[in-house]
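As structure tokens, the structure follows; a few thoughts come after it.
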Amino acid sequence: MKLIFDKGKPGRRGSSLPKMDVPPENAVPAQFRRRTAAKLPEVSEQDVIRHYTLLSRKNMGVDTNFYPLGSCTMKYNPKVNERAASLPGFAELHPLLPQLRRGGALTQGALEVIYETQRLLCELLGFADCTMQPLAGAHGELTGIMLIAAYHKARGDHARKVLLIPDAAHGTNPASAMVGGFITQTVASDAEGNVDIEDLKKHLGPDTAGLMLTCPNTLGLFDKNVQEVCRLVHETGGLNYCDGANQNAVMGRVCPGQIGFDVMHVNIHKSFSTPHGGGGPGAGPVLVGECLVPYLPVSRVEKRDDGTYTLRYHCEESIGYIAPFYGNFGIILRAYAYILTLGREGLKRISENAVLNANYMRVRLAPYFDQKVDRPCMHECVFSAAPQAKKGVHALDIAKALIDRGFHPPTMYFPLIVHEALMIEPTETESKETLDEFIDALIEVVKLVDTDPESILAAPVTTPVRRLDETSAARNPNLADI
Amino acid sequence: MKYYSEEHEWILVEDDEATIGISEYAAAELGDITYVELPMEDDDVIVGDTLGVIESVKAASDVYSPITGTVIEVNSELEDNPGLINESAEKAGWICKLGNIDVAELDDLMTPDAYAKYLKTLA
């Protein structure tokens, strides 16, 4: 397919403007005027529409294809949420409005949405309070870590510099801890994929600020030792952080706030079905137990006694601003619509079906791959393509072959603790028929590893571009040189 | 004499200097390497400290020091040509040299034969 710059003809225009009748020197000062014409594609409106319509048809997304990208929760996003978010009363709000004189009265609906979403999340997850400010999961992690730091600092407990992070955690956990100024130490997993209690005990001490547990973890497993882990960390004076990115597996079943976690974030764009487009916008609300409430970032949405809502900016012990305005409001609104549509029982069934789908996939595919641990999984299952790799066909090749069969590939080479990992997360929104089609395609690919490995190594053959040169792209990310 | 760690670093000790890199096995597992973050000269490290980070098309991995010492030289060629580790992980693709080392710590590492056996257990 040609680039839009390679289409068209010199002089062709999308719209004809009347000749300018203002002398240019009167319109734009000389120093701001272009000396040479901008290098724009010279195409008609129809050329533009055809170009982008064709491009959009080459796009692969959850609205067109099964998208079992493990760890990312690419569930279908119900369009009713989009409808709610596009209501003019919400969509056309100016973010400064609530701060203007009498602006509060014009923004009661939006403030209520933020307040109510916080309240519903607190109830669902068992926490005392919540901030909707963080703009992504990792931003939520950083916010949570700043809260932990503020807690220890307020107590004059300056020796607590170490955050413990199990090796089955999300990669963002150690990164967030470092950015937050902590030193990180890795805690090993046991043979079953839980936190290794003996190894944890070795790391706990007076310098322990807390522990960050991704639960369910990146192997798709719920940590059986979670209560013991939380208890041990509390005993040494540390706080427990729950990375709730995988909360979609246990909604309505597990109350992290009640099993010993002091702070947690959830990924709205995962568990609560908001779009993942183009790296955002996301939202990573942070929930806290009583001990961390005073430190929550500003602004805070509060409900007055008369039932109206207001924003509070003066909270003495707050960690301050972490983001402009009130978080990704449009995303919060979609999540609110999603939660209200489903209700408590609906959310519970979401998780049940997510887990059921993943286990169906795990059991049907188990004969063809290796598994690090052979036990029921949560919302995603992880296989190792080690048996295929020995024959020269790697996880990457298998992923590429799936593209030719109309499926978005699963996540590859993650988590790092699994050799040749293929991480499959079907989500609850897929039917059994779709799961079977995917499983059958994957089995067909695995069989081809023995009979016709070349065809797998050549994949994909149905896409506009074949294998991308990822190495050059990473080593020399400079489009101008190409 | 050459030794290996369980984290797949190699260490070659000549006189009182140690050259450190990652094993050919580790380089092959990582795939095409796209970036290497080197330690700073004069950094003091102890066993298990992070010496640097290797990024490949698959993952970013820390390089751990298999020995205590002081960084006396880094392979700055890796900054422009990280693929050198893929081409020659255990020679031209060395990462850094340490002085001030404690040779007694080498006893905790594996000989080339022991490492070869260790690799077989990983398959």
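Please note that chains go A, B, ... in the order of the structure tokens, that every chain numbers its residues from 1, and that ligands are numbered from 1 in the order shown.
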
Inset, instruction - DSSP on the backbone, then: every residue of chain B marked strand (DSSP E), written as a PyMOL selection string. - result: chain B and resi 2-4+9-14+17-22+33-37+44-45+50-56+60-64+69-74+96-99

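Neighbours of A:Ser271 closer than or equal to 8 Å, with only C-alpha atoms counted and sequence neighbours fewer than 5 positions away skipped, come out as A:Thr73, A:Ala245, A:Asn246, A:Gln247, A:Asn248, A:Val266.
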
Inset, instruction - Write down as a PyMOL selection string the residues of chain B whose backbone DSSP state falls under alpha helix (DSSP H). - result: chain B and resi 24-30+77-80+84-87+112-122

Write a file of the selected residues as a compact mmCIF listing (two decimals), in the first residue's frame, keeping N, CA and C atoms.
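The resulting selection-v5.txt:
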```
# COMPACT_ATOMS: atom_id res chain seq x y z
N GLU B 24 27.07 -17.26 25.96
CA GLU B 24 26.48 -17.43 24.62
C GLU B 24 25.06 -17.95 24.74
N TYR B 25 24.83 -18.81 25.73
CA TYR B 25 23.48 -19.31 25.96
C TYR B 25 22.53 -18.15 26.26
N ALA B 26 22.95 -17.27 27.17
CA ALA B 26 22.09 -16.14 27.56
C ALA B 26 21.83 -15.23 26.36
N ALA B 27 22.89 -14.99 25.57
CA ALA B 27 22.74 -14.10 24.40
C ALA B 27 21.74 -14.70 23.42
N ALA B 28 21.82 -16.03 23.22
CA ALA B 28 20.90 -16.69 22.28
C ALA B 28 19.47 -16.63 22.82
N GLU B 29 19.33 -16.81 24.14
CA GLU B 29 18.00 -16.76 24.74
C GLU B 29 17.36 -15.38 24.62
N LEU B 30 18.19 -14.35 24.78
CA LEU B 30 17.65 -12.99 24.74
C LEU B 30 17.23 -12.60 23.32
N GLU B 77 32.29 0.04 23.18
CA GLU B 77 31.87 -0.31 21.82
C GLU B 77 30.42 -0.81 21.80
N LEU B 78 29.96 -1.36 22.94
CA LEU B 78 28.60 -1.90 23.00
C LEU B 78 27.55 -0.79 22.89
N GLU B 79 27.94 0.44 23.21
CA GLU B 79 26.98 1.55 23.13
C GLU B 79 26.50 1.76 21.70
N ASP B 80 27.44 1.65 20.77
CA ASP B 80 27.07 1.85 19.36
C ASP B 80 26.70 0.55 18.68
N LEU B 84 27.09 -6.76 19.13
CA LEU B 84 28.36 -7.45 19.35
C LEU B 84 28.20 -8.61 20.33
N ILE B 85 27.28 -8.45 21.29
CA ILE B 85 27.05 -9.54 22.25
C ILE B 85 26.45 -10.76 21.55
N ASN B 86 25.57 -10.53 20.56
CA ASN B 86 25.03 -11.66 19.80
C ASN B 86 26.13 -12.33 18.96
N GLU B 87 27.03 -11.50 18.41
CA GLU B 87 28.07 -12.06 17.53
C GLU B 87 29.13 -12.80 18.33
N PRO B 112 33.52 -24.12 33.51
CA PRO B 112 32.84 -24.31 32.23
C PRO B 112 32.14 -25.67 32.13
N ASP B 113 32.76 -26.70 32.65
CA ASP B 113 32.13 -28.04 32.60
C ASP B 113 30.85 -28.07 33.43
N ALA B 114 30.96 -27.51 34.64
CA ALA B 114 29.79 -27.52 35.52
C ALA B 114 28.66 -26.68 34.90
N TYR B 115 29.03 -25.58 34.24
CA TYR B 115 28.02 -24.73 33.62
C TYR B 115 27.32 -25.47 32.47
N ALA B 116 28.12 -26.21 31.69
CA ALA B 116 27.53 -26.97 30.58
C ALA B 116 26.50 -27.96 31.12
N LYS B 117 26.84 -28.59 32.26
CA LYS B 117 25.90 -29.54 32.87
C LYS B 117 24.66 -28.80 33.38
N TYR B 118 24.90 -27.63 33.97
CA TYR B 118 23.79 -26.81 34.50
C TYR B 118 22.82 -26.44 33.38
N LEU B 119 23.37 -26.10 32.20
CA LEU B 119 22.50 -25.72 31.08
C LEU B 119 21.59 -26.88 30.69
N LYS B 120 22.14 -28.09 30.77
CA LYS B 120 21.32 -29.26 30.40
C LYS B 120 20.12 -29.42 31.33
N THR B 121 20.31 -29.01 32.59
CA THR B 121 19.19 -29.14 33.54
C THR B 121 18.09 -28.12 33.24
N LEU B 122 18.40 -27.10 32.47
CA LEU B 122 17.41 -26.05 32.22
C LEU B 122 16.46 -26.41 31.08
```

Inset, instruction - Within 9 Å of B:Gly52, counting only C-alpha atoms, which residues show up once you throw out same-chain ones fewer than 2 positions away? Write them as a ChimeraX atom specification, please. - result: /B:36-39,50,54,61-65,95

For the selection just defined, write its residues with C-alpha atoms to a file, as a PDB file, in the first residue's frame.
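Heads up, here's the output in again.pdb:
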```
ATOM      1  CA  VAL B  36      23.264  -2.201  26.613  1.00  0.00           C
ATOM      2  CA  GLU B  37      23.411   0.009  29.679  1.00  0.00           C
ATOM      3  CA  LEU B  38      26.981  -0.164  30.983  1.00  0.00           C
ATOM      4  CA  PRO B  39      28.194   0.452  34.543  1.00  0.00           C
ATOM      5  CA  THR B  50      23.388  -4.854  38.989  1.00  0.00           C
ATOM      6  CA  ILE B  54      20.653  -5.615  28.431  1.00  0.00           C
ATOM      7  CA  SER B  61      17.390  -8.089  31.745  1.00  0.00           C
ATOM      8  CA  ASP B  62      19.761  -7.025  34.486  1.00  0.00           C
ATOM      9  CA  VAL B  63      23.370  -8.169  34.422  1.00  0.00           C
ATOM     10  CA  TYR B  64      24.459  -9.166  37.921  1.00  0.00           C
ATOM     11  CA  SER B  65      28.002  -8.990  39.147  1.00  0.00           C
ATOM     12  CA  ILE B  95      30.737  -5.900  29.260  1.00  0.00           C
TER      13      ILE B  95
END
```

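The coordinates place atom CA of B:Pro82 at 23.4 Å from atom CA of B:Glu17.
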
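Proximity to A:Leu287 at 7 Å, evaluated using only C-alpha atoms and with sequence-adjacent residues fewer than 2 positions away removed, yields Cys122, Phe127, Asp129, Cys130, Thr131, Val263, Met264, His265 and Pro285 of chain A.
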
Pull C-alpha atoms from the residues just selected and write them as a PDB file, in the first residue's frame.
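Resulting contents of out29.pdb:
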```pdb
ATOM      1  CA  CYS A 122     -14.309   0.857  47.517  1.00  0.00           C
ATOM      2  CA  PHE A 127     -11.213  -0.236  50.955  1.00  0.00           C
ATOM      3  CA  ASP A 129     -11.274   5.503  50.157  1.00  0.00           C
ATOM      4  CA  CYS A 130     -10.178   5.935  46.564  1.00  0.00           C
ATOM      5  CA  THR A 131      -8.666   8.447  44.135  1.00  0.00           C
ATOM      6  CA  VAL A 263      -3.314   0.069  49.018  1.00  0.00           C
ATOM      7  CA  MET A 264      -4.105  -1.175  45.540  1.00  0.00           C
ATOM      8  CA  HIS A 265      -4.668   0.038  42.024  1.00  0.00           C
ATOM      9  CA  PRO A 285      -7.605   4.430  40.412  1.00  0.00           C
TER      10      PRO A 285
END
```

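Residues of chain B lying within 10 Å of chain A, counting only C-alpha atoms, are Glu29, Leu30, Gly31, Asp32, Ile33, Thr34, Tyr35, Glu55, Ser56, Val57, Lys58, Ala59, Ala60, Ser61, Asp80, Asn81, Pro82, Gly83, Leu122 and Ala123 of chain B.
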
Give me a file of those residues, with N, CA and C atoms, as a PDB file, in the first residue's frame.
```
ATOM      1  N   GLU B  29      19.328 -16.805  24.137  1.00  0.00           N
ATOM      2  CA  GLU B  29      17.996 -16.761  24.736  1.00  0.00           C
ATOM      3  C   GLU B  29      17.363 -15.377  24.624  1.00  0.00           C
ATOM      4  N   LEU B  30      18.188 -14.350  24.783  1.00  0.00           N
ATOM      5  CA  LEU B  30      17.654 -12.986  24.735  1.00  0.00           C
ATOM      6  C   LEU B  30      17.231 -12.599  23.323  1.00  0.00           C
ATOM      7  N   GLY B  31      17.860 -13.188  22.327  1.00  0.00           N
ATOM      8  CA  GLY B  31      17.578 -12.781  20.948  1.00  0.00           C
ATOM      9  C   GLY B  31      18.369 -11.528  20.613  1.00  0.00           C
ATOM     10  N   ASP B  32      17.998 -10.863  19.525  1.00  0.00           N
ATOM     11  CA  ASP B  32      18.770  -9.702  19.073  1.00  0.00           C
ATOM     12  C   ASP B  32      18.815  -8.626  20.146  1.00  0.00           C
ATOM     13  N   ILE B  33      20.003  -8.277  20.543  1.00  0.00           N
ATOM     14  CA  ILE B  33      20.170  -7.277  21.607  1.00  0.00           C
ATOM     15  C   ILE B  33      20.176  -5.881  20.990  1.00  0.00           C
ATOM     16  N   THR B  34      19.402  -4.997  21.604  1.00  0.00           N
ATOM     17  CA  THR B  34      19.203  -3.678  20.988  1.00  0.00           C
ATOM     18  C   THR B  34      19.821  -2.544  21.796  1.00  0.00           C
ATOM     19  N   TYR B  35      20.147  -2.813  23.053  1.00  0.00           N
ATOM     20  CA  TYR B  35      20.694  -1.729  23.868  1.00  0.00           C
ATOM     21  C   TYR B  35      21.402  -2.328  25.072  1.00  0.00           C
ATOM     22  N   GLU B  55      18.950  -4.926  26.875  1.00  0.00           N
ATOM     23  CA  GLU B  55      17.621  -4.965  26.270  1.00  0.00           C
ATOM     24  C   GLU B  55      17.695  -5.682  24.947  1.00  0.00           C
ATOM     25  N   SER B  56      16.739  -6.582  24.754  1.00  0.00           N
ATOM     26  CA  SER B  56      16.666  -7.264  23.473  1.00  0.00           C
ATOM     27  C   SER B  56      15.258  -7.076  22.924  1.00  0.00           C
ATOM     28  N   VAL B  57      15.015  -7.623  21.725  1.00  0.00           N
ATOM     29  CA  VAL B  57      13.669  -7.512  21.173  1.00  0.00           C
ATOM     30  C   VAL B  57      12.653  -8.228  22.060  1.00  0.00           C
ATOM     31  N   LYS B  58      13.131  -9.143  22.921  1.00  0.00           N
ATOM     32  CA  LYS B  58      12.198  -9.874  23.778  1.00  0.00           C
ATOM     33  C   LYS B  58      12.033  -9.265  25.154  1.00  0.00           C
ATOM     34  N   ALA B  59      13.114  -8.772  25.742  1.00  0.00           N
ATOM     35  CA  ALA B  59      13.041  -8.434  27.164  1.00  0.00           C
ATOM     36  C   ALA B  59      14.176  -7.514  27.573  1.00  0.00           C
ATOM     37  N   ALA B  60      14.031  -6.926  28.743  1.00  0.00           N
ATOM     38  CA  ALA B  60      15.128  -6.189  29.368  1.00  0.00           C
ATOM     39  C   ALA B  60      15.584  -6.994  30.566  1.00  0.00           C
ATOM     40  N   SER B  61      16.890  -7.244  30.663  1.00  0.00           N
ATOM     41  CA  SER B  61      17.390  -8.089  31.745  1.00  0.00           C
ATOM     42  C   SER B  61      18.570  -7.415  32.426  1.00  0.00           C
ATOM     43  N   ASP B  80      27.443   1.649  20.765  1.00  0.00           N
ATOM     44  CA  ASP B  80      27.075   1.847  19.360  1.00  0.00           C
ATOM     45  C   ASP B  80      26.701   0.546  18.677  1.00  0.00           C
ATOM     46  N   ASN B  81      27.225  -0.549  19.191  1.00  0.00           N
ATOM     47  CA  ASN B  81      27.002  -1.828  18.522  1.00  0.00           C
ATOM     48  C   ASN B  81      26.618  -2.907  19.533  1.00  0.00           C
ATOM     49  N   PRO B  82      25.377  -2.822  20.065  1.00  0.00           N
ATOM     50  CA  PRO B  82      24.970  -3.816  21.077  1.00  0.00           C
ATOM     51  C   PRO B  82      24.936  -5.239  20.520  1.00  0.00           C
ATOM     52  N   GLY B  83      24.794  -5.357  19.175  1.00  0.00           N
ATOM     53  CA  GLY B  83      24.735  -6.682  18.559  1.00  0.00           C
ATOM     54  C   GLY B  83      26.030  -7.456  18.697  1.00  0.00           C
ATOM     55  N   LEU B 122      18.405 -27.104  32.470  1.00  0.00           N
ATOM     56  CA  LEU B 122      17.412 -26.051  32.217  1.00  0.00           C
ATOM     57  C   LEU B 122      16.464 -26.409  31.081  1.00  0.00           C
ATOM     58  N   ALA B 123      16.883 -27.339  30.230  1.00  0.00           N
ATOM     59  CA  ALA B 123      16.085 -27.652  29.038  1.00  0.00           C
ATOM     60  C   ALA B 123      14.799 -28.367  29.372  1.00  0.00           C
TER      61      ALA B 123
END
```

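Of note, atom CA of A:Gly137 and atom CA of A:Gly327 are spaced 12.0 Å apart.
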
Inset, instruction - Find the distance between atom CA of A:Thr411 and atom CA of A:Ile424 and write it in Å to one decimal. - result: 6.7 Å

Inset, instruction - Please provide the set of residues having any atom within 9 Å of stretch 139-146 of chain A, restricted to only C-alpha atoms, with same-chain residues fewer than 2 positions apart removed, written as a ChimeraX atom specification. - result: /A:133-137,148-151,172-173,175-177,179-182,241,243,263-267,283-288,295-297,319,322

Quick one: which stretch 286-401 of chain A residues come within 10 Å of stretch 458-467 of chain A, and what is the nearest atom pair for each with the distance in Å to one decimal, counting only C-alpha atoms, rows ordered by chain and ascending number, as CSV?
```
residue,atom,partner,partner_atom,distance
A:Asp397,CA,A:Ala459,CA,7.1
A:Ile398,CA,A:Ala459,CA,8.5
A:Ala399,CA,A:Ala459,CA,8.9
A:Lys400,CA,A:Pro460,CA,5.4
A:Ala401,CA,A:Ala459,CA,5.1
```
